[in-house]
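Okay, query_30.cif is below, mmCIF, C-alpha atoms:
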```
data_model
#
loop_
_atom_site.label_atom_id
_atom_site.label_comp_id
_atom_site.auth_asym_id
_atom_site.auth_seq_id
_atom_site.Cartn_x
_atom_site.Cartn_y
_atom_site.Cartn_z
CA MET A 1 0.00 0.00 0.00
CA ALA A 2 1.17 3.47 -0.75
CA ALA A 3 2.47 5.80 1.83
CA PRO A 4 -0.07 8.20 3.32
CA VAL A 5 -0.57 11.42 1.43
CA SER A 6 1.08 13.46 4.13
CA ARG A 7 4.36 11.63 3.55
CA ARG A 8 4.50 12.37 -0.15
CA ARG A 9 6.88 14.77 -1.75
CA THR A 10 5.60 18.31 -1.58
CA THR A 11 5.72 20.97 -4.26
CA PRO A 12 8.44 23.55 -3.56
CA GLY A 13 6.99 26.80 -2.33
CA SER A 14 3.58 25.28 -1.71
CA PRO A 15 3.52 23.64 1.69
CA GLY A 16 0.93 20.95 1.82
CA CYS A 17 0.67 20.71 -1.95
CA LEU A 18 1.97 17.40 -3.13
CA ALA A 19 3.62 16.67 -6.38
CA GLU A 20 2.82 15.55 -9.76
CA VAL A 21 0.11 14.28 -12.02
CA ALA A 22 1.25 13.30 -15.48
CA ILE A 23 -0.33 12.67 -18.86
CA ALA A 24 0.00 8.98 -19.64
CA GLN A 25 -0.39 8.77 -23.37
CA SER A 26 -2.12 10.27 -26.37
CA PRO A 27 -5.63 11.49 -25.57
CA ARG A 28 -6.86 10.14 -28.89
CA LYS A 29 -5.84 6.65 -27.95
CA ARG A 30 -7.40 6.57 -24.55
CA LEU A 31 -10.35 8.88 -24.79
CA PHE A 32 -13.13 6.35 -25.04
CA ARG A 33 -11.52 3.57 -23.10
CA PRO A 34 -12.76 2.74 -19.65
CA ILE A 35 -10.75 3.98 -16.75
CA ARG A 36 -7.99 1.53 -16.02
CA LEU A 37 -7.88 0.54 -12.48
CA LEU A 38 -5.24 1.08 -10.22
CA LEU A 39 -1.88 0.13 -9.49
CA ASP A 40 -2.20 1.49 -6.04
CA VAL A 41 -4.71 2.76 -3.51
CA LEU A 42 -4.14 5.73 -1.28
CA GLU A 43 -5.05 5.63 2.35
CA SER A 44 -7.24 8.68 1.96
CA ALA A 45 -8.81 10.57 -0.92
CA VAL A 46 -6.82 13.33 -2.59
CA LEU A 47 -7.57 16.18 -4.87
CA ALA A 48 -5.64 16.05 -8.11
CA ARG A 49 -5.25 18.92 -10.52
CA CYS A 50 -5.29 17.99 -14.17
CA PRO A 51 -2.22 19.28 -16.00
CA SER A 52 -4.26 19.79 -19.17
CA CYS A 53 -7.40 21.65 -18.09
CA HIS A 54 -6.23 22.61 -14.58
CA SER A 55 -9.50 21.53 -13.07
CA THR A 56 -9.40 19.89 -9.66
CA PHE A 57 -11.00 16.52 -9.05
CA SER A 58 -11.19 13.98 -6.32
CA THR A 59 -9.70 10.53 -6.51
CA GLU A 60 -9.01 7.83 -4.02
CA GLN A 61 -6.74 5.91 -6.34
CA THR A 62 -3.39 6.30 -7.98
CA GLY A 63 -2.45 5.26 -11.45
CA ARG A 64 -3.83 5.95 -14.89
CA GLN A 65 -7.26 7.47 -15.15
CA LEU A 66 -9.20 10.03 -17.12
CA CYS A 67 -9.73 13.57 -15.96
CA PRO A 68 -13.48 13.80 -15.20
CA ALA A 69 -13.56 17.37 -16.54
CA CYS A 70 -11.67 17.20 -19.84
CA ALA A 71 -11.53 13.42 -20.27
CA LYS A 72 -7.82 13.51 -20.97
CA PRO A 73 -5.78 10.68 -19.55
CA LEU A 74 -3.41 11.33 -16.71
CA VAL A 75 -1.51 9.49 -14.06
CA VAL A 76 -1.98 10.12 -10.40
CA PRO A 77 1.49 9.30 -9.17
CA GLU A 78 2.51 6.64 -6.78
CA PRO A 79 5.89 5.75 -5.45
CA PRO A 80 8.16 5.54 -7.38
CA PRO A 81 7.40 9.00 -8.80
CA ALA A 82 6.04 9.65 -12.29
CA PRO A 83 8.43 9.69 -15.25
CA LEU A 84 10.69 12.65 -15.66
CA GLY A 85 9.50 15.34 -18.00
CA ALA A 86 5.82 14.80 -17.27
CA PRO A 87 3.86 17.95 -16.56
CA ALA A 88 3.75 18.74 -12.89
CA ALA A 89 0.53 19.23 -11.01
CA GLU A 90 -0.58 19.62 -7.46
CA LEU A 91 -2.07 17.06 -5.18
CA LEU A 92 -3.92 18.56 -2.30
CA SER A 93 -5.14 16.78 0.76
CA GLU A 94 -8.80 16.08 0.31
CA PRO A 95 -11.22 17.39 2.92
CA SER A 96 -13.32 14.77 4.59
CA GLY A 97 -16.62 16.40 3.66
CA THR A 98 -19.11 18.33 5.73
CA PRO A 99 -21.57 16.42 7.89
CA TRP A 100 -24.22 16.97 5.22
CA GLU A 101 -21.94 15.48 2.58
CA ARG A 102 -21.54 12.45 4.87
CA ARG A 103 -25.23 12.16 5.67
CA LYS A 104 -25.36 8.54 4.55
CA GLU A 105 -23.16 7.54 7.45
CA LEU A 106 -24.43 10.12 9.95
CA GLY A 107 -28.13 10.04 9.19
CA PHE A 108 -30.16 12.70 7.41
CA TRP A 109 -31.32 14.92 10.26
CA THR A 110 -28.17 14.48 12.33
CA ALA A 111 -26.08 15.55 9.34
CA TRP A 112 -28.36 18.48 8.62
CA GLY A 113 -28.27 19.62 12.24
CA GLN A 114 -24.50 19.33 12.52
CA THR A 115 -24.00 21.19 9.25
CA LEU A 116 -26.33 23.95 10.36
CA GLN A 117 -24.57 24.18 13.72
CA GLN A 118 -21.13 24.36 12.11
CA ALA A 119 -22.27 26.91 9.54
CA LEU A 120 -23.60 29.19 12.24
CA LEU A 121 -20.97 28.67 14.92
CA GLU A 122 -17.85 27.22 13.26
CA PRO A 123 -18.04 28.35 9.64
CA GLY A 124 -14.30 28.13 9.03
CA ARG A 125 -14.29 24.46 9.96
CA LEU A 126 -17.34 23.74 7.83
CA PHE A 127 -16.01 25.45 4.71
CA ALA A 128 -12.60 23.82 5.14
CA SER A 129 -14.23 20.40 5.14
CA ALA A 130 -16.45 21.05 2.11
CA ARG A 131 -15.69 18.96 -0.96
CA LEU A 132 -15.91 20.72 -4.29
CA ASP A 133 -17.16 17.62 -6.07
CA LYS A 134 -20.30 17.52 -3.91
CA GLY A 135 -22.20 20.32 -5.61
CA ALA A 136 -25.45 18.38 -5.71
CA ALA A 137 -25.33 17.79 -1.94
CA GLN A 138 -24.57 21.46 -1.31
CA LEU A 139 -27.45 22.50 -3.55
CA GLY A 140 -29.73 20.14 -1.66
CA PHE A 141 -28.70 21.56 1.70
CA ALA A 142 -29.28 25.15 0.60
CA VAL A 143 -32.63 24.49 -1.07
CA LEU A 144 -33.89 22.34 1.81
CA THR A 145 -32.81 24.74 4.55
CA THR A 146 -33.90 27.95 2.89
CA SER A 147 -37.18 26.83 1.40
CA MET A 148 -38.29 24.98 4.52
CA PHE A 149 -37.84 27.97 6.79
CA TRP A 150 -38.90 30.52 4.19
CA ALA A 151 -42.17 28.64 3.70
CA ALA A 152 -42.61 28.37 7.46
CA GLY A 153 -42.02 32.10 7.79
CA GLN A 154 -44.62 32.89 5.16
CA ILE A 155 -47.18 30.71 6.90
CA VAL A 156 -46.37 32.19 10.33
CA GLU A 157 -46.57 35.72 8.98
CA GLY A 158 -49.86 34.89 7.28
CA LEU A 159 -51.26 33.65 10.57
CA LEU A 160 -49.91 36.58 12.58
CA LEU A 161 -51.14 39.17 10.10
CA ARG A 162 -54.58 37.65 9.81
CA GLY A 163 -56.04 40.16 12.21
CA GLN A 164 -54.55 43.08 10.29
CA THR A 165 -55.65 41.98 6.83
CA GLU A 166 -58.29 44.66 6.38
CA ARG A 167 -55.92 47.41 7.48
CA MET A 168 -53.21 46.13 5.14
CA ARG A 169 -55.70 45.94 2.29
CA ARG A 170 -56.62 49.59 2.75
CA LEU A 171 -52.95 50.62 2.86
CA PHE A 172 -52.06 48.59 -0.24
CA ALA A 173 -55.09 49.94 -2.10
CA THR A 174 -53.99 53.51 -1.31
CA LEU A 175 -50.36 52.81 -2.27
CA SER A 176 -51.29 51.10 -5.53
CA GLN A 177 -52.93 54.33 -6.73
CA ASN A 178 -49.92 56.48 -5.84
CA PRO A 179 -48.10 57.83 -8.94
CA ASP A 180 -44.71 57.69 -7.16
CA VAL A 181 -44.89 53.90 -7.11
CA ALA A 182 -43.67 52.09 -10.22
CA PRO A 183 -46.31 50.21 -12.24
CA MET A 184 -44.91 46.80 -11.35
CA LEU A 185 -45.03 47.60 -7.63
CA GLN A 186 -48.56 48.89 -8.05
CA ARG A 187 -49.52 45.54 -9.53
CA VAL A 188 -47.74 43.70 -6.73
CA LEU A 189 -49.57 45.79 -4.16
CA GLU A 190 -52.90 45.15 -5.86
CA MET A 191 -52.16 41.43 -5.90
CA GLN A 192 -51.07 41.57 -2.28
CA SER A 193 -54.28 43.31 -1.32
CA GLN A 194 -56.26 40.56 -3.03
CA ALA A 195 -54.17 37.48 -2.32
CA SER A 196 -54.13 37.09 1.42
CA SER A 197 -56.11 33.87 1.48
CA THR A 198 -54.77 30.75 3.10
CA GLY A 199 -54.60 29.06 -0.30
CA ALA A 200 -52.45 31.82 -1.74
CA VAL A 201 -50.06 31.69 1.23
CA VAL A 202 -49.70 27.91 0.90
CA ALA A 203 -49.19 28.16 -2.88
CA LEU A 204 -46.50 30.78 -2.40
CA ALA A 205 -44.83 28.62 0.24
CA ALA A 206 -44.88 25.68 -2.17
CA LEU A 207 -42.99 27.69 -4.77
CA THR A 208 -40.15 28.58 -2.42
CA PRO A 209 -37.85 25.69 -3.47
CA ALA A 210 -37.91 26.97 -7.06
CA PHE A 211 -37.29 30.54 -5.91
CA THR A 212 -34.48 29.34 -3.66
CA PHE A 213 -32.86 27.36 -6.47
CA VAL A 214 -32.87 30.33 -8.85
CA MET A 215 -31.75 32.83 -6.22
CA LEU A 216 -28.91 30.58 -5.04
CA TYR A 217 -27.48 30.24 -8.53
CA LEU A 218 -27.92 33.94 -9.29
CA ASN A 219 -26.17 34.82 -6.04
CA ALA A 220 -23.34 32.38 -6.73
CA GLY A 221 -23.08 33.54 -10.34
CA VAL A 222 -22.84 37.23 -9.47
CA THR A 223 -20.43 36.58 -6.61
CA HIS A 224 -18.24 34.40 -8.82
CA ALA A 225 -18.30 36.93 -11.66
CA VAL A 226 -17.13 39.69 -9.32
CA ALA A 227 -14.53 37.40 -7.75
CA ALA A 228 -13.23 36.47 -11.21
CA LEU A 229 -13.12 40.12 -12.22
CA LEU A 230 -11.05 40.86 -9.11
CA GLY A 231 -8.81 37.85 -9.72
CA GLN A 232 -10.00 36.10 -6.57
CA ALA A 233 -11.73 33.08 -8.10
CA LYS A 234 -8.81 30.73 -7.56
CA ARG A 235 -10.62 27.41 -7.52
CA GLY A 236 -13.49 27.78 -9.94
CA PHE A 237 -17.26 28.03 -9.66
CA PRO A 238 -17.70 24.93 -7.44
CA ALA A 239 -15.76 26.70 -4.67
CA THR A 240 -17.94 29.80 -4.92
CA PHE A 241 -21.05 27.66 -5.02
CA ALA A 242 -20.01 25.74 -1.89
CA ALA A 243 -19.48 29.04 -0.08
CA CYS A 244 -22.85 30.44 -1.17
CA ALA A 245 -24.72 27.19 -0.48
CA TYR A 246 -23.50 26.68 3.09
CA ALA A 247 -23.71 30.42 3.74
CA SER A 248 -27.46 30.16 3.29
CA ALA A 249 -27.71 28.39 6.66
CA PRO A 250 -28.66 31.59 8.57
CA LEU A 251 -31.76 31.82 6.40
CA VAL A 252 -33.38 29.54 8.96
CA LEU A 253 -34.15 32.91 10.53
CA LEU A 254 -36.65 33.54 7.74
CA ALA A 255 -39.06 31.64 9.96
CA VAL A 256 -38.88 34.51 12.46
CA PRO A 257 -41.38 37.19 11.47
CA ALA A 258 -40.22 40.72 10.70
CA CYS A 259 -36.58 41.02 11.81
CA GLY A 260 -35.52 37.44 11.04
CA SER A 261 -34.99 38.07 7.35
CA ILE A 262 -32.80 41.13 7.95
CA VAL A 263 -30.54 39.37 10.45
CA GLY A 264 -30.45 36.27 8.25
CA VAL A 265 -29.34 38.15 5.15
CA VAL A 266 -26.61 40.08 7.00
CA TRP A 267 -25.36 36.81 8.51
CA LEU A 268 -25.47 35.20 5.06
CA ILE A 269 -23.23 37.91 3.61
CA PHE A 270 -20.79 37.48 6.49
CA LEU A 271 -20.68 33.71 6.02
CA THR A 272 -20.28 34.04 2.25
CA GLY A 273 -17.16 36.09 2.87
CA ILE A 274 -15.73 33.45 5.20
CA GLY A 275 -16.68 30.75 2.72
CA MET A 276 -14.99 32.51 -0.19
CA LYS A 277 -11.84 32.98 1.87
CA VAL A 278 -11.65 29.33 2.86
CA THR A 279 -12.86 27.58 -0.29
CA HIS A 280 -10.83 29.73 -2.70
CA ARG A 281 -7.88 30.00 -0.28
CA ILE A 282 -7.68 33.75 -0.75
CA SER A 283 -6.94 36.58 1.63
CA THR A 284 -9.53 38.16 3.89
CA GLY A 285 -9.40 41.38 1.92
CA GLY A 286 -9.88 39.57 -1.37
CA ALA A 287 -12.84 37.63 -0.01
CA ALA A 288 -14.41 40.76 1.44
CA ALA A 289 -14.01 42.62 -1.84
CA ALA A 290 -15.44 39.76 -3.88
CA VAL A 291 -18.46 39.38 -1.63
CA LEU A 292 -19.18 42.99 -0.77
CA ALA A 293 -18.73 44.59 -4.20
CA PRO A 294 -22.08 43.37 -5.55
CA TYR A 295 -23.77 44.11 -2.23
CA LEU A 296 -22.39 47.65 -2.29
CA VAL A 297 -24.30 48.26 -5.49
CA LEU A 298 -27.33 46.51 -4.09
CA CYS A 299 -27.01 48.46 -0.86
CA CYS A 300 -26.92 51.72 -2.77
CA VAL A 301 -29.96 50.68 -4.76
CA THR A 302 -31.72 49.40 -1.67
CA PHE A 303 -31.01 52.62 0.20
CA LEU A 304 -32.44 54.68 -2.64
CA ALA A 305 -35.37 52.31 -2.94
CA MET A 306 -36.12 52.73 0.75
CA GLY A 307 -36.06 56.47 0.24
CA ALA A 308 -38.47 56.18 -2.66
CA LEU A 309 -40.75 53.97 -0.57
CA ALA A 310 -40.64 56.48 2.28
CA VAL A 311 -41.64 59.29 -0.11
CA ALA A 312 -44.45 57.16 -1.50
CA LEU A 313 -45.69 56.27 1.98
CA ARG A 314 -45.55 59.87 3.10
CA ASN A 315 -47.54 61.00 0.10
CA ALA A 316 -50.00 58.16 0.53
CA MET A 317 -50.61 59.23 4.13
CA GLY A 318 -51.21 62.77 2.91
CA ARG A 319 -48.42 64.34 4.96
CA PRO A 320 -46.35 67.26 3.66
CA MET B 1 -11.01 31.27 -25.05
CA SER B 2 -10.38 27.82 -26.46
CA ILE B 3 -12.44 24.76 -27.23
CA GLU B 4 -11.30 21.64 -25.43
CA ARG B 5 -12.42 18.09 -24.97
CA ALA B 6 -14.73 17.62 -22.03
CA GLY B 7 -16.84 15.01 -20.35
CA GLN B 8 -20.44 15.39 -19.25
CA PRO B 9 -21.38 18.85 -17.95
CA SER B 10 -21.34 19.36 -14.20
CA ILE B 11 -24.49 19.81 -12.18
CA HIS B 12 -23.72 23.52 -11.94
CA ALA B 13 -23.45 23.84 -15.71
CA VAL B 14 -26.78 22.07 -16.14
CA ALA B 15 -28.46 24.19 -13.46
CA LEU B 16 -27.13 27.44 -14.91
CA ALA B 17 -28.26 26.32 -18.36
CA GLY B 18 -31.74 25.68 -16.99
CA ILE B 19 -31.87 29.12 -15.38
CA SER B 20 -30.57 30.72 -18.59
CA ALA B 21 -33.28 28.99 -20.60
CA LEU B 22 -35.87 30.11 -18.04
CA LEU B 23 -34.73 33.74 -18.30
CA LEU B 24 -34.88 33.63 -22.09
CA LEU B 25 -38.31 32.01 -21.98
CA VAL B 26 -39.64 34.71 -19.67
CA ALA B 27 -38.14 37.39 -21.91
CA ALA B 28 -39.80 35.81 -24.94
CA MET B 29 -43.18 35.60 -23.23
CA LEU B 30 -43.08 39.12 -21.87
CA PRO B 31 -44.44 41.77 -24.25
CA VAL B 32 -41.87 44.40 -25.17
CA ASP B 33 -44.21 47.17 -24.06
CA ALA B 34 -44.95 45.51 -20.72
CA PRO B 35 -44.77 47.70 -17.62
CA LEU B 36 -41.42 47.94 -15.86
CA LEU B 37 -40.45 44.77 -14.05
CA ALA B 38 -38.50 46.56 -11.34
CA LEU B 39 -40.43 47.21 -8.17
CA PHE B 40 -39.33 50.82 -8.33
CA ALA B 41 -38.38 53.05 -11.17
CA CYS B 42 -34.56 52.92 -11.09
CA PRO B 43 -33.69 54.82 -7.89
CA LEU B 44 -30.25 55.82 -9.17
CA ARG B 45 -31.80 57.32 -12.27
CA ALA B 46 -34.53 58.97 -10.20
CA ALA B 47 -31.95 60.50 -7.87
CA THR B 48 -29.18 61.47 -10.29
CA GLY B 49 -30.63 61.25 -13.80
CA LEU B 50 -28.01 58.64 -14.65
CA PRO B 51 -28.87 55.01 -15.38
CA CYS B 52 -27.44 52.19 -13.32
CA LEU B 53 -25.39 49.34 -14.78
CA GLY B 54 -28.45 47.13 -15.14
CA CYS B 55 -30.71 49.71 -16.82
CA GLY B 56 -32.02 48.43 -20.15
CA CYS B 57 -31.10 44.78 -19.55
CA THR B 58 -34.72 43.60 -19.53
CA HIS B 59 -35.42 45.24 -22.88
CA ALA B 60 -32.12 43.92 -24.23
CA PHE B 61 -33.19 40.37 -23.32
CA GLN B 62 -36.63 40.93 -24.86
CA PHE B 63 -35.21 42.25 -28.14
CA ALA B 64 -32.43 39.66 -28.25
CA VAL B 65 -34.77 36.66 -28.00
CA ARG B 66 -36.83 38.18 -30.82
CA GLY B 67 -33.73 38.43 -32.99
CA GLN B 68 -33.69 42.25 -32.97
CA LEU B 69 -30.02 42.55 -32.03
CA VAL B 70 -29.59 46.18 -33.03
CA ALA B 71 -32.47 47.22 -30.80
CA ALA B 72 -31.10 44.97 -28.06
CA VAL B 73 -27.63 46.51 -28.20
CA SER B 74 -29.21 49.93 -28.30
CA SER B 75 -31.03 49.14 -25.06
CA SER B 76 -28.02 47.66 -23.29
CA PRO B 77 -24.89 46.05 -24.73
CA LEU B 78 -24.36 44.29 -21.39
CA GLY B 79 -27.88 42.84 -21.44
CA THR B 80 -27.41 41.72 -25.04
CA ALA B 81 -24.13 40.02 -24.19
CA LEU B 82 -25.75 38.30 -21.21
CA ALA B 83 -28.68 37.16 -23.35
CA LEU B 84 -26.37 35.76 -26.02
CA ALA B 85 -24.17 34.12 -23.38
CA SER B 86 -27.26 32.60 -21.77
CA ALA B 87 -28.47 31.23 -25.09
CA GLY B 88 -25.00 29.95 -25.94
CA HIS B 89 -24.53 28.26 -22.59
CA ALA B 90 -27.98 26.65 -22.65
CA GLY B 91 -27.51 25.37 -26.20
CA TRP B 92 -23.99 24.13 -25.66
CA THR B 93 -24.94 22.35 -22.44
CA ALA B 94 -27.81 20.63 -24.25
CA LEU B 95 -25.32 19.46 -26.88
CA ARG B 96 -22.94 18.19 -24.21
CA LEU B 97 -25.76 16.31 -22.52
CA ALA B 98 -26.41 14.71 -25.89
CA GLY B 99 -22.81 13.57 -26.08
CA PHE B 100 -20.92 16.42 -27.72
CA PRO B 101 -17.45 16.04 -26.17
CA TYR B 102 -16.17 19.63 -26.34
CA ALA B 103 -16.57 22.67 -24.12
CA PRO B 104 -15.25 26.22 -24.27
CA LYS B 105 -12.57 27.13 -21.78
CA ILE B 106 -12.42 30.79 -20.83
CA GLY B 107 -9.23 32.05 -19.30
CA ALA B 108 -9.41 34.78 -16.68
CA GLY B 109 -6.02 36.39 -17.00
CA VAL B 110 -5.23 39.96 -16.07
CA ARG B 111 -5.91 41.20 -19.59
CA THR B 112 -9.28 39.49 -19.70
CA ARG B 113 -10.26 40.95 -16.35
CA TRP B 114 -9.24 44.46 -17.38
CA ALA B 115 -11.07 44.06 -20.67
CA CYS B 116 -14.22 43.02 -18.81
CA ALA B 117 -13.94 45.98 -16.42
CA LEU B 118 -13.45 48.40 -19.31
CA ALA B 119 -16.35 46.82 -21.20
CA LEU B 120 -18.62 47.32 -18.19
CA ALA B 121 -17.56 50.95 -17.94
CA ALA B 122 -18.06 51.47 -21.68
CA ASN B 123 -21.49 49.87 -21.44
CA TRP B 124 -22.49 52.22 -18.64
CA ILE B 125 -21.26 55.27 -20.56
CA PHE B 126 -23.10 54.12 -23.69
CA VAL B 127 -26.38 53.62 -21.83
CA ALA B 128 -25.98 56.95 -20.04
CA VAL B 129 -25.30 58.86 -23.26
CA ARG B 130 -27.94 56.93 -25.22
CA ASN B 131 -30.64 57.72 -22.68
CA HIS B 132 -29.59 61.27 -21.96
CA PRO B 133 -32.54 63.56 -22.63
#
```

Final structure tokens representation of the file:
Amino acid sequence: MAAPVSRRRTTPGSPGCLAEVAIAQSPRKRLFRPIRLLLDVLESAVLARCPSCHSTFSTEQTGRQLCPACAKPLVVPEPPPAPLGAPAAELLSEPSGTPWERRKELGFWTAWGQTLQQALLEPGRLFASARLDKGAAQLGFAVLTTSMFWAAGQIVEGLLLRGQTERMRRLFATLSQNPDVAPMLQRVLEMQSQASSTGAVVALAALTPAFTFVMLYLNAGVTHAVAALLGQAKRGFPATFAACAYASAPLVLLAVPACGSIVGVVWLIFLTGIGMKVTHRISTGGAAAAVLAPYLVLCCVTFLAMGALAVALRNAMGRP
Amino acid sequence: MSIERAGQPSIHAVALAGISALLLLVAAMLPVDAPLLALFACPLRAATGLPCLGCGCTHAFQFAVRGQLVAAVSSSPLGTALALASAGHAGWTALRLAGFPYAPKIGAGVRTRWACALALAANWIFVAVRNHP
């Protein structure tokens, strides 16, 4: 059996990064052949970086195999080292996976609870243990957590606001006729004034997984685009996605009426910054810039929007 | 950018392709003269008279899916580029799911990043000048 990963030769100047992955033979010859199994098995999984496409993938085996991203053949080295002249690549110690990514061994709710707890209280540890090849699991965690508590929050708010429905209807009806309010908002207000039935609340709650899915990818896409523009996207979209997915854990606060959403979103931004720092292995400043730059624009827009809403409300109330 | 051999698309590529297709579908279904989608008239424009970076993107998507690229670029070059990128990504991902073994690889070197930043600035200036009364 091969020596443990930690005993392997490290790349000069990159402590912890182990040496070489090499191309085995012509891609044309091996492209459609099945992966040849191994000459060796490592004691723990490693991340290998393909020397052709530079994408990082997980493998628990040494020897010849195909890159899962570009399908080019390569060799994950074993002792003795790969032939001289082969392109060098990094081997990085593979994280064990977050509790949610190990939910088969831990149990569904135990894994979910531990992941939530780590995200809220030990985010650095959680992001460090996230595996970039577990995007589907991370998507599942974010959609489950956010939509479950978002739906619960909508139902709770619907129940709590039941006594104020008539008052809200009058306010929305007044606002929807105000010329300072954009046409789309007027329509939303009209719909809001009409759709306060239990059925509408339940239907809206049922749509939250779809909303969550779209919002998660839009958030990750914008964050990754800004990070790439700033040169901080060191490990590709899966790293940004892992940060954004686990950073959605504070959205459990959406179940708390009124202030829960505000606290949850601020916490989410904070966790996204930590996640970007850990998953991309970038500096704190780089992570902060990548995460906050889009929110600065949004904050500016939100601030102005709040001002516009205040003007509209003031006019609707008939005050000078 | 280069075209390289690739395996099956990742779950993220498929999800982003689905969202891209959804955006294009909504843009195609939405009438061009529909009321503004934003909940507020652009606050930046209301406050300063200048458009924000995203101003015109909805109309650019609407014109682009109808094949009216000149009108789309006139509304927002950024929105047009995003619409074309969305269509390209959705189509290419569908091909890869069907077995097409190639994918584009986009480098993000310093020059590319500066070019993107300058393109964003140029887009904003264009939209500001284009919409100046």

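Put simply, the PyMOL selection byres ((chain B and resi 14-24) around 7) in this file takes in A:Val214, A:Tyr217, B:Pro9, B:Ser10, B:Ile11, B:His12, B:Ala13, B:Leu25, B:Val26, B:Ala27, B:Ala28, B:Val65, B:Ser86, B:Ala87, B:His89, B:Ala90, B:Thr93.
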
So that I have them on file, write out the residues from the current selection with C-alpha atoms, as a PDB file, in the frame of the given file.
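Contents of the output file part_33.pdb:
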```pdb
ATOM      1  CA  VAL A 214     -32.870  30.330  -8.850  1.00  0.00           C
ATOM      2  CA  TYR A 217     -27.480  30.240  -8.530  1.00  0.00           C
TER       3      TYR A 217
ATOM      4  CA  PRO B   9     -21.380  18.850 -17.950  1.00  0.00           C
ATOM      5  CA  SER B  10     -21.340  19.360 -14.200  1.00  0.00           C
ATOM      6  CA  ILE B  11     -24.490  19.810 -12.180  1.00  0.00           C
ATOM      7  CA  HIS B  12     -23.720  23.520 -11.940  1.00  0.00           C
ATOM      8  CA  ALA B  13     -23.450  23.840 -15.710  1.00  0.00           C
ATOM      9  CA  LEU B  25     -38.310  32.010 -21.980  1.00  0.00           C
ATOM     10  CA  VAL B  26     -39.640  34.710 -19.670  1.00  0.00           C
ATOM     11  CA  ALA B  27     -38.140  37.390 -21.910  1.00  0.00           C
ATOM     12  CA  ALA B  28     -39.800  35.810 -24.940  1.00  0.00           C
ATOM     13  CA  VAL B  65     -34.770  36.660 -28.000  1.00  0.00           C
ATOM     14  CA  SER B  86     -27.260  32.600 -21.770  1.00  0.00           C
ATOM     15  CA  ALA B  87     -28.470  31.230 -25.090  1.00  0.00           C
ATOM     16  CA  HIS B  89     -24.530  28.260 -22.590  1.00  0.00           C
ATOM     17  CA  ALA B  90     -27.980  26.650 -22.650  1.00  0.00           C
ATOM     18  CA  THR B  93     -24.940  22.350 -22.440  1.00  0.00           C
TER      19      THR B  93
END
```

Residues picked by the PyMOL selection byres ((chain A and resi 233) around 10) here, as a VMD selection string?
(chain A and resid 223 to 232 234 to 237 239 to 240 276 to 277 279 to 282 286 to 287 290) or (chain B and resid 108)

Would you put the residues from that selection into a file with C-alpha atoms, as a CSV table (one decimal), keeping the file's coordinate frame?
```csv
chain,number,residue,atom,x,y,z
A,223,THR,CA,-20.4,36.6,-6.6
A,224,HIS,CA,-18.2,34.4,-8.8
A,225,ALA,CA,-18.3,36.9,-11.7
A,226,VAL,CA,-17.1,39.7,-9.3
A,227,ALA,CA,-14.5,37.4,-7.8
A,228,ALA,CA,-13.2,36.5,-11.2
A,229,LEU,CA,-13.1,40.1,-12.2
A,230,LEU,CA,-11.0,40.9,-9.1
A,231,GLY,CA,-8.8,37.8,-9.7
A,232,GLN,CA,-10.0,36.1,-6.6
A,234,LYS,CA,-8.8,30.7,-7.6
A,235,ARG,CA,-10.6,27.4,-7.5
A,236,GLY,CA,-13.5,27.8,-9.9
A,237,PHE,CA,-17.3,28.0,-9.7
A,239,ALA,CA,-15.8,26.7,-4.7
A,240,THR,CA,-17.9,29.8,-4.9
A,276,MET,CA,-15.0,32.5,-0.2
A,277,LYS,CA,-11.8,33.0,1.9
A,279,THR,CA,-12.9,27.6,-0.3
A,280,HIS,CA,-10.8,29.7,-2.7
A,281,ARG,CA,-7.9,30.0,-0.3
A,282,ILE,CA,-7.7,33.8,-0.8
A,286,GLY,CA,-9.9,39.6,-1.4
A,287,ALA,CA,-12.8,37.6,0.0
A,290,ALA,CA,-15.4,39.8,-3.9
B,108,ALA,CA,-9.4,34.8,-16.7
```

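CA of Gly54 (chain B) lies 17.6 Å from CA of Leu292 (chain A).
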
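Distance check against Ile3 (chain B) using only C-alpha atoms: of A:Leu47, A:Met148, A:Leu253, A:Cys70, the minimum falls on A:Cys70.
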
Can you find the residues with an atom no farther than 9 Å from (-13.0, 28.8, 9.3), counting all atoms listed in the file, and report them as number ranges by chain?
A: 122-128, 274-275, 277-278

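Once the PyMOL selection byres ((chain B and resi 57) around 8) is applied to this file, the selection holds Gly54, Cys55, Gly56, Thr58, His59, Ala60, Phe61, Ser75, Ser76, Leu78, Gly79 and Thr80 of chain B.
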
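Atom pair CA of Pro51 (chain B) / CA of Asn131 (chain B): separated by 8.0 Å.
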
Atom pair CA of Ala117 (chain B) + CA of Leu132 (chain A), distance 28.1 Å

Pick out the residues sitting within 9 Å of Ala142 (chain A), and hand them over as a list of chain:residue names; count only C-alpha atoms, and ignore anything fewer than 4 positions along from it in its own chain.
A:Ala137, A:Gln138, A:Thr146, A:Ser147, A:Thr212, A:Phe213, A:Leu216, A:Cys244, A:Ala245, A:Tyr246, A:Ala247, A:Ser248, A:Ala249

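Checking A:Ala111, A:Val222, A:Leu271, A:Val75 one by one against chain B, counting all atoms listed in the file, you find the shortest gap at A:Val222.
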